[in-house]
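Heads up, model-v3.txt below (compact mmCIF, C-alpha atoms and all ligand atoms):
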# COMPACT_ATOMS: atom_id res chain seq x y z
CA MET A 1 56.46 87.40 207.19
CA ALA A 2 55.33 88.18 203.63
CA ARG A 3 56.35 85.78 200.87
CA ALA A 4 60.12 85.61 200.96
CA TYR A 5 62.63 85.05 198.21
CA ASN A 6 62.86 81.29 198.55
CA PHE A 7 66.23 79.77 197.58
CA SER A 8 65.16 76.28 198.58
CA PRO A 9 66.56 73.44 196.41
CA GLY A 10 63.27 71.57 196.13
CA PRO A 11 60.46 71.66 196.91
CA ALA A 12 61.22 75.09 195.59
CA MET A 13 59.73 78.47 194.80
CA LEU A 14 56.75 78.48 192.43
CA PRO A 15 55.49 81.48 190.46
CA GLU A 16 53.00 83.48 192.49
CA SER A 17 50.49 83.53 189.61
CA VAL A 18 50.56 79.72 189.55
CA LEU A 19 49.92 79.54 193.28
CA LEU A 20 47.08 82.04 193.02
CA GLU A 21 45.42 80.08 190.24
CA ALA A 22 45.89 76.83 192.15
CA ARG A 23 44.34 78.47 195.21
CA ALA A 24 41.36 79.65 193.22
CA THR A 25 40.64 76.16 191.88
CA MET A 26 41.20 74.50 195.25
CA LEU A 27 37.59 75.22 196.17
CA GLU A 28 35.97 74.73 192.80
CA TYR A 29 37.50 73.87 189.44
CA GLY A 30 35.62 75.68 186.67
CA ASP A 31 32.01 74.62 186.95
CA ALA A 32 32.89 71.10 188.04
CA GLY A 33 31.07 71.68 191.33
CA ALA A 34 34.06 70.35 193.24
CA SER A 35 37.68 71.09 193.97
CA ILE A 36 40.38 70.11 191.54
CA VAL A 37 41.53 67.63 194.21
CA GLU A 38 38.09 66.05 194.41
CA ILE A 39 37.34 65.26 190.78
CA SER A 40 38.03 61.98 188.99
CA HIS A 41 41.09 61.55 186.83
CA ARG A 42 38.77 59.81 184.34
CA GLY A 43 36.47 62.82 183.99
CA ALA A 44 36.52 65.25 181.08
CA GLU A 45 38.06 68.06 183.18
CA PHE A 46 41.14 66.14 184.22
CA ILE A 47 41.61 64.41 180.85
CA ASP A 48 41.76 67.93 179.39
CA ILE A 49 44.23 69.10 182.07
CA ALA A 50 46.50 66.13 181.37
CA ALA A 51 46.39 66.60 177.60
CA ARG A 52 47.16 70.32 177.90
CA ALA A 53 50.03 69.66 180.27
CA GLU A 54 51.61 67.26 177.80
CA ALA A 55 51.03 69.55 174.82
CA ASP A 56 52.54 72.51 176.69
CA LEU A 57 55.56 70.51 177.87
CA ARG A 58 56.13 69.29 174.32
CA GLU A 59 56.04 72.86 173.06
CA LEU A 60 58.22 74.17 175.88
CA LEU A 61 60.96 71.58 175.43
CA ALA A 62 60.52 71.03 171.67
CA ILE A 63 59.97 67.31 172.26
CA PRO A 64 59.93 65.45 168.92
CA ALA A 65 57.01 63.16 168.05
CA ASP A 66 59.16 60.05 168.29
CA TYR A 67 59.56 60.70 172.02
CA ALA A 68 56.90 59.64 174.53
CA VAL A 69 56.13 61.72 177.62
CA LEU A 70 55.15 60.02 180.86
CA PHE A 71 53.85 61.73 184.00
CA LEU A 72 54.56 59.36 186.85
CA PRO A 73 54.00 59.45 190.60
CA GLY A 74 56.97 59.91 192.88
CA GLY A 75 60.21 61.68 192.23
CA ALA A 76 63.41 61.21 190.31
CA THR A 77 64.71 58.44 192.57
CA THR A 78 61.82 56.24 191.50
CA GLN A 79 62.78 56.72 187.85
CA GLN A 80 66.39 55.89 188.72
CA ALA A 81 65.14 52.46 189.79
CA LEU A 82 62.72 52.06 186.87
CA LEU A 83 65.20 52.89 184.10
CA PRO A 84 67.22 49.67 184.49
CA LEU A 85 64.05 47.61 184.92
CA ASN A 86 62.65 48.95 181.66
CA PHE A 87 65.74 49.26 179.50
CA ALA A 88 68.42 46.78 180.64
CA ALA A 89 68.30 43.00 180.38
CA PRO A 90 68.87 41.28 183.75
CA GLY A 91 72.50 41.79 184.71
CA GLN A 92 73.30 43.74 181.54
CA ARG A 93 76.05 46.31 181.76
CA ALA A 94 75.03 49.94 182.36
CA ASP A 95 77.47 52.86 182.46
CA TYR A 96 77.15 55.60 185.06
CA VAL A 97 79.02 58.89 185.20
CA LEU A 98 79.22 60.37 188.69
CA THR A 99 79.55 64.12 189.02
CA GLY A 100 77.85 64.49 192.39
CA HIS A 101 75.53 63.07 195.01
CA TRP A 102 72.61 62.32 192.68
CA GLY A 103 74.64 60.35 190.18
CA ALA A 104 75.79 58.23 193.09
CA THR A 105 72.18 57.83 194.22
CA ALA A 106 71.25 56.67 190.73
CA THR A 107 73.88 53.92 190.92
CA ARG A 108 72.40 52.65 194.17
CA GLN A 109 68.94 52.41 192.59
CA ALA A 110 70.28 50.54 189.56
CA ALA A 111 72.82 48.27 191.25
CA PRO A 112 70.38 45.42 192.06
CA TYR A 113 69.43 45.09 188.38
CA VAL A 114 72.50 45.69 186.22
CA ASP A 115 76.20 45.05 185.91
CA LEU A 116 76.99 48.56 187.00
CA ASN A 117 80.06 50.25 185.56
CA VAL A 118 81.15 53.60 186.96
CA ALA A 119 82.56 54.92 183.70
CA ALA A 120 83.84 58.14 185.25
CA SER A 121 83.66 59.86 188.61
CA SER A 122 84.80 63.13 190.09
CA GLU A 123 84.31 61.86 193.64
CA ALA A 124 88.05 62.03 194.29
CA ASP A 125 88.01 65.83 193.88
CA GLY A 126 84.89 66.22 196.02
CA TYR A 127 82.64 66.45 192.94
CA ARG A 128 83.95 69.82 191.88
CA SER A 129 84.41 68.98 188.19
CA ILE A 130 83.31 66.75 185.32
CA PRO A 131 85.93 64.29 184.07
CA PRO A 132 86.88 64.92 180.41
CA VAL A 133 84.89 62.62 178.12
CA ASP A 134 88.05 61.07 176.62
CA GLN A 135 88.76 59.63 180.08
CA TRP A 136 85.36 57.97 180.45
CA LYS A 137 85.54 54.19 180.37
CA LEU A 138 82.36 53.48 178.43
CA SER A 139 81.28 49.94 177.59
CA LYS A 140 80.32 49.03 174.01
CA ASP A 141 77.64 46.62 175.19
CA ALA A 142 76.04 48.91 177.79
CA ALA A 143 72.25 49.16 177.92
CA TYR A 144 72.68 52.91 178.40
CA VAL A 145 74.95 55.63 179.75
CA HIS A 146 73.56 57.64 182.67
CA VAL A 147 74.58 61.21 183.53
CA THR A 148 73.21 63.90 185.83
CA ALA A 149 72.70 67.08 183.83
CA ASN A 150 72.88 69.26 186.93
CA GLU A 151 74.05 68.12 190.35
CA THR A 152 71.76 69.94 192.74
CA ILE A 153 73.90 69.57 195.85
CA HIS A 154 77.40 69.97 194.43
CA GLY A 155 76.47 72.67 191.92
CA VAL A 156 78.05 70.97 188.89
CA GLU A 157 76.35 71.20 185.51
CA PHE A 158 76.98 69.97 181.99
CA ARG A 159 77.11 73.20 179.97
CA PRO A 160 76.72 72.32 176.28
CA SER A 161 75.92 75.92 175.34
CA LYS A 162 78.80 77.54 177.24
CA PRO A 163 82.06 78.13 175.35
CA GLY A 164 84.57 75.90 177.15
CA GLY A 165 81.71 74.31 179.10
CA HIS A 166 81.27 70.57 179.27
CA ALA A 167 79.08 69.18 176.46
CA PHE A 168 77.01 66.02 176.71
CA PRO A 169 78.95 63.15 175.16
CA ASP A 170 78.14 61.41 171.92
CA THR A 171 77.52 57.84 173.07
CA GLY A 172 76.90 56.42 169.60
CA ASP A 173 74.45 53.54 169.54
CA VAL A 174 74.27 53.36 173.32
CA PRO A 175 71.45 55.66 174.46
CA LEU A 176 72.29 58.49 176.82
CA PHE A 177 69.97 58.80 179.84
CA ALA A 178 70.03 62.02 181.83
CA ASP A 179 68.65 63.14 185.15
CA PHE A 180 67.47 66.68 184.44
CA SER A 181 65.63 67.13 187.75
CA SER A 182 67.20 70.44 188.65
CA SER A 183 67.82 72.06 185.27
CA ILE A 184 65.00 70.97 182.97
CA ALA A 185 63.35 73.87 181.11
CA SER A 186 66.09 76.30 182.11
CA GLU A 187 67.60 76.36 178.62
CA PRO A 188 66.98 74.64 175.26
CA VAL A 189 67.96 70.97 175.28
CA ASP A 190 68.69 68.96 172.17
CA ILE A 191 66.35 66.08 173.06
CA PRO A 192 67.43 63.81 170.15
CA ARG A 193 70.86 63.51 171.79
CA PHE A 194 69.20 61.52 174.56
CA GLY A 195 67.49 58.17 174.81
CA ALA A 196 65.66 59.33 177.92
CA ILE A 197 65.42 62.42 180.08
CA TYR A 198 63.73 62.41 183.45
CA ALA A 199 63.04 64.87 186.21
CA GLY A 200 61.23 65.16 189.51
CA ALA A 201 58.93 68.15 189.18
CA GLN A 202 59.71 69.96 192.42
CA LYS A 203 62.45 72.26 191.16
CA ASN A 204 61.68 73.76 187.77
CA LEU A 205 58.43 72.05 186.82
CA GLY A 206 55.97 72.32 189.67
CA PRO A 207 55.14 70.66 192.99
CA VAL A 208 56.72 67.54 194.43
CA GLY A 209 54.98 64.21 193.97
CA ILE A 210 55.18 63.77 190.23
CA GLY A 211 57.98 63.10 187.77
CA VAL A 212 58.34 63.43 184.04
CA VAL A 213 60.01 60.89 181.75
CA ILE A 214 60.71 61.77 178.12
CA VAL A 215 61.80 58.66 176.27
CA ARG A 216 62.55 57.72 172.67
CA ARG A 217 59.70 55.46 171.65
CA ASP A 218 61.81 52.76 170.01
CA LEU A 219 63.54 52.08 173.35
CA LEU A 220 60.20 51.06 174.82
CA ALA A 221 60.39 47.94 172.64
CA ARG A 222 63.18 46.64 174.88
CA ALA A 223 62.10 43.75 177.05
CA GLY A 224 63.86 45.04 180.16
CA GLN A 225 63.46 42.87 183.24
CA PRO A 226 60.60 41.09 185.00
CA ARG A 227 58.60 43.81 186.71
CA ALA A 228 55.14 44.58 187.97
CA ASP A 229 52.77 46.31 185.55
CA ILE A 230 52.91 49.48 187.59
CA PHE A 231 56.67 49.77 186.97
CA ASP A 232 56.32 49.23 183.23
CA TYR A 233 56.79 52.38 181.15
CA ARG A 234 55.18 50.73 178.12
CA LEU A 235 52.00 49.96 180.02
CA GLN A 236 51.98 53.41 181.57
CA LEU A 237 52.24 54.96 178.11
CA ALA A 238 49.41 52.79 176.79
CA ALA A 239 47.30 53.98 179.74
CA ASP A 240 48.21 57.67 179.26
CA SER A 241 50.18 57.53 182.55
CA MET A 242 46.99 56.53 184.38
CA LEU A 243 47.54 52.86 185.06
CA ASN A 244 46.38 53.72 188.56
CA THR A 245 45.10 56.93 190.15
CA PRO A 246 47.69 59.56 189.26
CA PRO A 247 48.71 62.49 191.50
CA THR A 248 46.15 64.76 189.88
CA TRP A 249 46.84 67.88 191.94
CA ASN A 250 50.57 67.77 191.26
CA TRP A 251 49.98 67.13 187.57
CA TYR A 252 47.57 70.07 187.41
CA VAL A 253 49.95 72.50 189.13
CA ALA A 254 52.84 71.29 186.96
CA GLY A 255 50.63 72.06 183.94
CA LEU A 256 50.03 75.59 185.25
CA THR A 257 53.79 76.00 185.62
CA PHE A 258 54.43 74.83 182.03
CA ARG A 259 51.90 77.37 180.81
CA TRP A 260 53.54 80.11 182.89
CA MET A 261 56.95 79.27 181.40
CA LEU A 262 55.56 79.47 177.86
CA GLU A 263 53.95 82.83 178.64
CA GLN A 264 57.26 84.09 180.00
CA GLY A 265 59.00 83.42 176.69
CA GLY A 266 59.93 79.75 176.99
CA VAL A 267 63.28 78.13 177.58
CA GLU A 268 65.22 80.71 175.54
CA ALA A 269 64.02 83.44 177.90
CA PHE A 270 64.87 81.35 180.96
CA ALA A 271 68.32 80.59 179.56
CA ARG A 272 69.05 84.33 179.38
CA ARG A 273 67.60 84.97 182.83
CA SER A 274 69.52 82.07 184.32
CA ASP A 275 72.78 83.34 182.88
CA ASP A 276 72.08 86.80 184.31
CA LYS A 277 71.13 85.49 187.75
CA ALA A 278 74.00 83.02 188.03
CA GLY A 279 76.46 85.56 186.61
CA LEU A 280 75.48 88.11 189.23
CA LEU A 281 75.81 85.67 192.09
CA TYR A 282 79.12 84.10 191.03
CA ALA A 283 80.56 87.58 190.44
CA ALA A 284 79.63 88.53 194.00
CA ILE A 285 81.23 85.37 195.39
CA ASP A 286 84.39 85.67 193.30
CA GLY A 287 84.64 89.40 194.02
CA SER A 288 84.43 89.01 197.79
CA GLY A 289 88.17 88.64 198.28
CA GLY A 290 87.74 85.16 199.77
CA PHE A 291 85.02 86.07 202.28
CA TYR A 292 82.76 83.80 200.22
CA ARG A 293 83.96 81.02 197.97
CA ASN A 294 82.60 78.55 195.44
CA GLU A 295 84.91 75.61 194.80
CA VAL A 296 83.51 74.22 191.53
CA ASP A 297 85.54 74.22 188.30
CA ARG A 298 84.34 77.41 186.59
CA ALA A 299 83.63 75.65 183.29
CA VAL A 300 80.94 73.49 184.91
CA ARG A 301 79.48 75.74 187.58
CA SER A 302 75.74 75.25 187.85
CA ARG A 303 73.38 78.02 186.77
CA MET A 304 70.66 76.56 189.00
CA ASN A 305 72.30 75.71 192.32
CA VAL A 306 75.11 77.88 193.63
CA PRO A 307 76.83 76.38 196.66
CA PHE A 308 79.08 78.75 198.56
CA PHE A 309 81.00 78.82 201.81
CA LEU A 310 81.72 81.61 204.22
CA HIS A 311 85.43 81.91 205.01
CA ASP A 312 84.59 81.12 208.65
CA PRO A 313 81.86 78.48 209.19
CA ALA A 314 81.31 79.95 212.67
CA LEU A 315 79.50 82.79 210.85
CA ASP A 316 77.03 80.48 209.08
CA GLU A 317 74.22 80.77 211.63
CA ALA A 318 74.51 84.57 211.78
CA PHE A 319 74.40 84.72 207.97
CA LEU A 320 71.26 82.59 207.82
CA ALA A 321 69.61 84.67 210.56
CA GLN A 322 70.37 87.95 208.78
CA ALA A 323 69.12 86.43 205.51
CA ARG A 324 65.84 85.44 207.09
CA GLU A 325 65.52 88.89 208.60
CA ALA A 326 65.94 90.30 205.08
CA GLY A 327 63.26 87.96 203.67
CA LEU A 328 65.59 85.40 202.10
CA ILE A 329 65.00 81.77 203.02
CA GLY A 330 66.20 78.29 202.05
CA LEU A 331 69.91 79.16 201.88
CA LYS A 332 71.33 76.53 204.22
CA GLY A 333 73.61 74.16 202.31
CA HIS A 334 72.91 70.43 202.10
CA ARG A 335 74.04 68.37 205.09
CA VAL A 336 76.48 66.52 202.82
CA THR A 337 78.44 69.68 201.98
CA GLY A 338 77.57 72.23 204.67
CA GLY A 339 77.91 75.93 203.91
CA MET A 340 75.27 77.74 201.88
CA ARG A 341 73.45 77.04 198.66
CA ALA A 342 71.28 79.36 196.61
CA SER A 343 68.91 77.53 194.27
CA ILE A 344 67.81 79.92 191.57
CA TYR A 345 65.31 78.07 189.42
CA ASN A 346 63.06 79.66 186.80
CA PRO A 347 60.58 81.29 189.21
CA MET A 348 63.34 83.16 191.10
CA PRO A 349 63.45 86.72 189.73
CA LEU A 350 66.69 88.64 189.20
CA GLU A 351 65.57 90.95 192.02
CA GLY A 352 65.74 87.99 194.41
CA VAL A 353 69.34 87.28 193.46
CA GLN A 354 70.15 91.00 193.72
CA ALA A 355 68.66 90.97 197.23
CA LEU A 356 70.92 88.05 198.10
CA VAL A 357 73.98 89.81 196.71
CA ASP A 358 73.08 92.95 198.69
CA LEU A 359 72.75 90.86 201.82
CA MET A 360 76.09 89.12 201.22
CA GLN A 361 77.85 92.45 200.79
CA ASP A 362 76.21 93.95 203.85
CA PHE A 363 77.08 90.88 205.92
CA GLN A 364 80.68 91.07 204.75
CA ARG A 365 80.89 94.76 205.75
CA ARG A 366 79.65 93.87 209.22
CA HIS A 367 81.79 90.77 209.73
CA GLY A 368 84.71 91.16 207.31
C1 LIG A 401 69.38 65.89 190.34
C2 LIG A 401 68.48 65.15 191.28
N1 LIG A 401 68.20 63.87 191.05
C3 LIG A 401 67.40 63.17 191.88
C4 LIG A 401 66.84 63.75 192.99
C5 LIG A 401 65.95 62.94 193.86
O1 LIG A 401 64.66 63.36 193.60
P1 LIG A 401 63.38 62.85 194.41
O2 LIG A 401 63.55 63.32 195.79
O3 LIG A 401 62.28 63.52 193.65
O4 LIG A 401 63.34 61.37 194.30
C6 LIG A 401 67.09 65.08 193.28
C7 LIG A 401 66.50 65.72 194.47
O5 LIG A 401 66.84 66.78 194.91
C8 LIG A 401 67.94 65.80 192.40
O6 LIG A 401 68.22 67.08 192.64
Could you show the structure in this file as structure tokens?
Ligand SMILES: Cc1ncc(COP(=O)(O)O)c(C=O)c1O
Amino acid sequence: MARAYNFSPGPAMLPESVLLEARATMLEYGDAGASIVEISHRGAEFIDIAARAEADLRELLAIPADYAVLFLPGGATTQQALLPLNFAAPGQRADYVLTGHWGATATRQAAPYVDLNVAASSEADGYRSIPPVDQWKLSKDAAYVHVTANETIHGVEFRPSKPGGHAFPDTGDVPLFADFSSSIASEPVDIPRFGAIYAGAQKNLGPVGIGVVIVRRDLLARAGQPRADIFDYRLQLAADSMLNTPPTWNWYVAGLTFRWMLEQGGVEAFARRSDDKAGLLYAAIDGSGGFYRNEVDRAVRSRMNVPFFLHDPALDEAFLAQAREAGLIGLKGHRVTGGMRASIYNPMPLEGVQALVDLMQDFQRRHG
């Protein structure tokens, strides 16, 4: 099978040019005399790679100077545990807004360290919506408010730029923390609205194994809780995210991906492309006369992850088999929800989504 259109939720599709460049440097990086995976993180080559990656990410996301950028090993779940350790006093209140599976995961990581308040949750409606902000029960003394910008499994996204979409709340003096794992760099984000933004790289930023934390520098003055050095954001920042041996390969490939996104026109270009791709797919689902359905409140439908169900789950396996035959992979829905899910991150071209829509229509003709 040639390279397929890969709708996998993460690890996810990477741009072919990034993979080709990574392949070329796998044997020898520049004139280093060794592979990129064999050279020291303390050497001039990697120091340069790390600095370029940060500079490119700052340009891509328009990160202001008063925000620090950390590149840390592990994924988003690790950061979900480190946020309370770094920014909440022991047992201090922290507000969490649950709009899907990953918000709930974040509460489980934080629960041992904070007085956890679920300020709002759409669990009762199966995570198909975002509760209106005026119904959130926020605490004045919270260390922070945590939201999930895009819920990868349930396909629910805060849509500040969409008329009628759900904006991020103004939380006043309490900093807003957001898990942007599955939507970072897919549209412009007003960073100063947030105290901290974090993301695992394996969806829109690069390969799995590294995460990015963008945090307002003044928050790093908080004492947080007793923790090992390796879990301390302040110490990581002082060590340029190299308190220990960092995941150099992942960092390097993430850097290639940042560069690719800049060359493609940056987040404004990806915002337009994402709207086109998601618009095409939702139109096909909604126009199928009920053969396919998406159950999420239209105002907060995700542009990145489109879950959908066939009208008869007995057809699921046949759909996936025909998709694979047509060169479309990674469409099986998460085990929590079942059904299908198409993840259409930045590297997925419009042609890939068109191929999926063609397949859906052909499958409906055969089985409708
Ligand atoms: C929004 C979101 N948050 C957190 C996670 C967990 O990330 P990781 O597996 O990198 O810890 C995921 C993984 O899919 C995710 O989509």
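The protein and nucleic acid residues lying at most 12 Å from Thr78 (chain A) are Leu72, Pro73, Gly74, Gly75, Ala76, Gln80, Ala81, Leu82, Leu83, Pro84, Leu85, Thr105, Ala106, Arg108, Gln109, Ala110, Asp179, Tyr198, Ala199, Gly200, Gly209, Ile210, Gly211, Val212, Val213, Ile230 and Phe231 of chain A, with all atoms listed in the file considered and sequence neighbours fewer than 2 positions away removed.
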How would the residues just picked look written out with C-alpha atoms as a short mmCIF file (atom, residue, chain, number, x, y, z; two decimals), in the frame of the given file?
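Writing done, so here's part29.cif:
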data_model
loop_
_atom_site.label_atom_id
_atom_site.label_comp_id
_atom_site.auth_asym_id
_atom_site.auth_seq_id
_atom_site.Cartn_x
_atom_site.Cartn_y
_atom_site.Cartn_z
CA LEU A 72 54.56 59.36 186.85
CA PRO A 73 54.00 59.45 190.60
CA GLY A 74 56.97 59.91 192.88
CA GLY A 75 60.21 61.68 192.23
CA ALA A 76 63.41 61.21 190.31
CA GLN A 80 66.39 55.89 188.72
CA ALA A 81 65.14 52.46 189.79
CA LEU A 82 62.72 52.06 186.87
CA LEU A 83 65.20 52.89 184.10
CA PRO A 84 67.22 49.67 184.49
CA LEU A 85 64.05 47.61 184.92
CA THR A 105 72.18 57.83 194.22
CA ALA A 106 71.25 56.67 190.73
CA ARG A 108 72.40 52.65 194.17
CA GLN A 109 68.94 52.41 192.59
CA ALA A 110 70.28 50.54 189.56
CA ASP A 179 68.65 63.14 185.15
CA TYR A 198 63.73 62.41 183.45
CA ALA A 199 63.04 64.87 186.21
CA GLY A 200 61.23 65.16 189.51
CA GLY A 209 54.98 64.21 193.97
CA ILE A 210 55.18 63.77 190.23
CA GLY A 211 57.98 63.10 187.77
CA VAL A 212 58.34 63.43 184.04
CA VAL A 213 60.01 60.89 181.75
CA ILE A 230 52.91 49.48 187.59
CA PHE A 231 56.67 49.77 186.97
#
*What separation in Å, quoted to one decimal, exists between CA of Arg217 (chain A) and CA of Gly265 (chain A)?*
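CA of Gly265 (chain A) lies at a distance of 28.4 Å from CA of Arg217 (chain A).
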Kindly provide, as a short mmCIF file (atom, residue, chain, number, x, y, z; two decimals) with C-alpha atoms, in the frame of the given file, the polymer residues lying within 9 Å of (59.2, 86.1, 200.0), counting all atoms listed in the file and using the coordinates exactly as they appear in the file.
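Full text of selection26.cif as output:
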data_model
loop_
_atom_site.label_atom_id
_atom_site.label_comp_id
_atom_site.auth_asym_id
_atom_site.auth_seq_id
_atom_site.Cartn_x
_atom_site.Cartn_y
_atom_site.Cartn_z
CA MET A 1 56.46 87.40 207.19
CA ALA A 2 55.33 88.18 203.63
CA ARG A 3 56.35 85.78 200.87
CA ALA A 4 60.12 85.61 200.96
CA TYR A 5 62.63 85.05 198.21
CA ASN A 6 62.86 81.29 198.55
CA GLY A 327 63.26 87.96 203.67
CA LEU A 328 65.59 85.40 202.10
CA ILE A 329 65.00 81.77 203.02
CA GLY A 352 65.74 87.99 194.41
#
*Residue with smallest distance to ligand LIG 401 (chain A) - pool A:Leu219, A:Val118, A:Met304, A:Leu20, counting all atoms listed in the file*: A:Met304
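Put simply, CA of Gly290 (chain A) is 26.3 Å away from CA of Pro349 (chain A).
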*A:Asn250, A:Gln264, A:Ser139, A:Asn305: which is nearest Val37 (chain A), counting all atoms listed in the file?*
A:Asn250
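When all atoms listed in the file are used to measure the gap to Asp95 (chain A), the shortest distance among A:Trp136, A:Tyr144, A:Trp249, A:Phe158 belongs to A:Tyr144.
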*Determine the nearest neighbour of Tyr29 (chain A) from the options A:Tyr252, A:Tyr345, A:Phe180, A:Tyr292, counting only C-alpha atoms.*
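Result for the nearest residue to Tyr29 (chain A): A:Tyr252.
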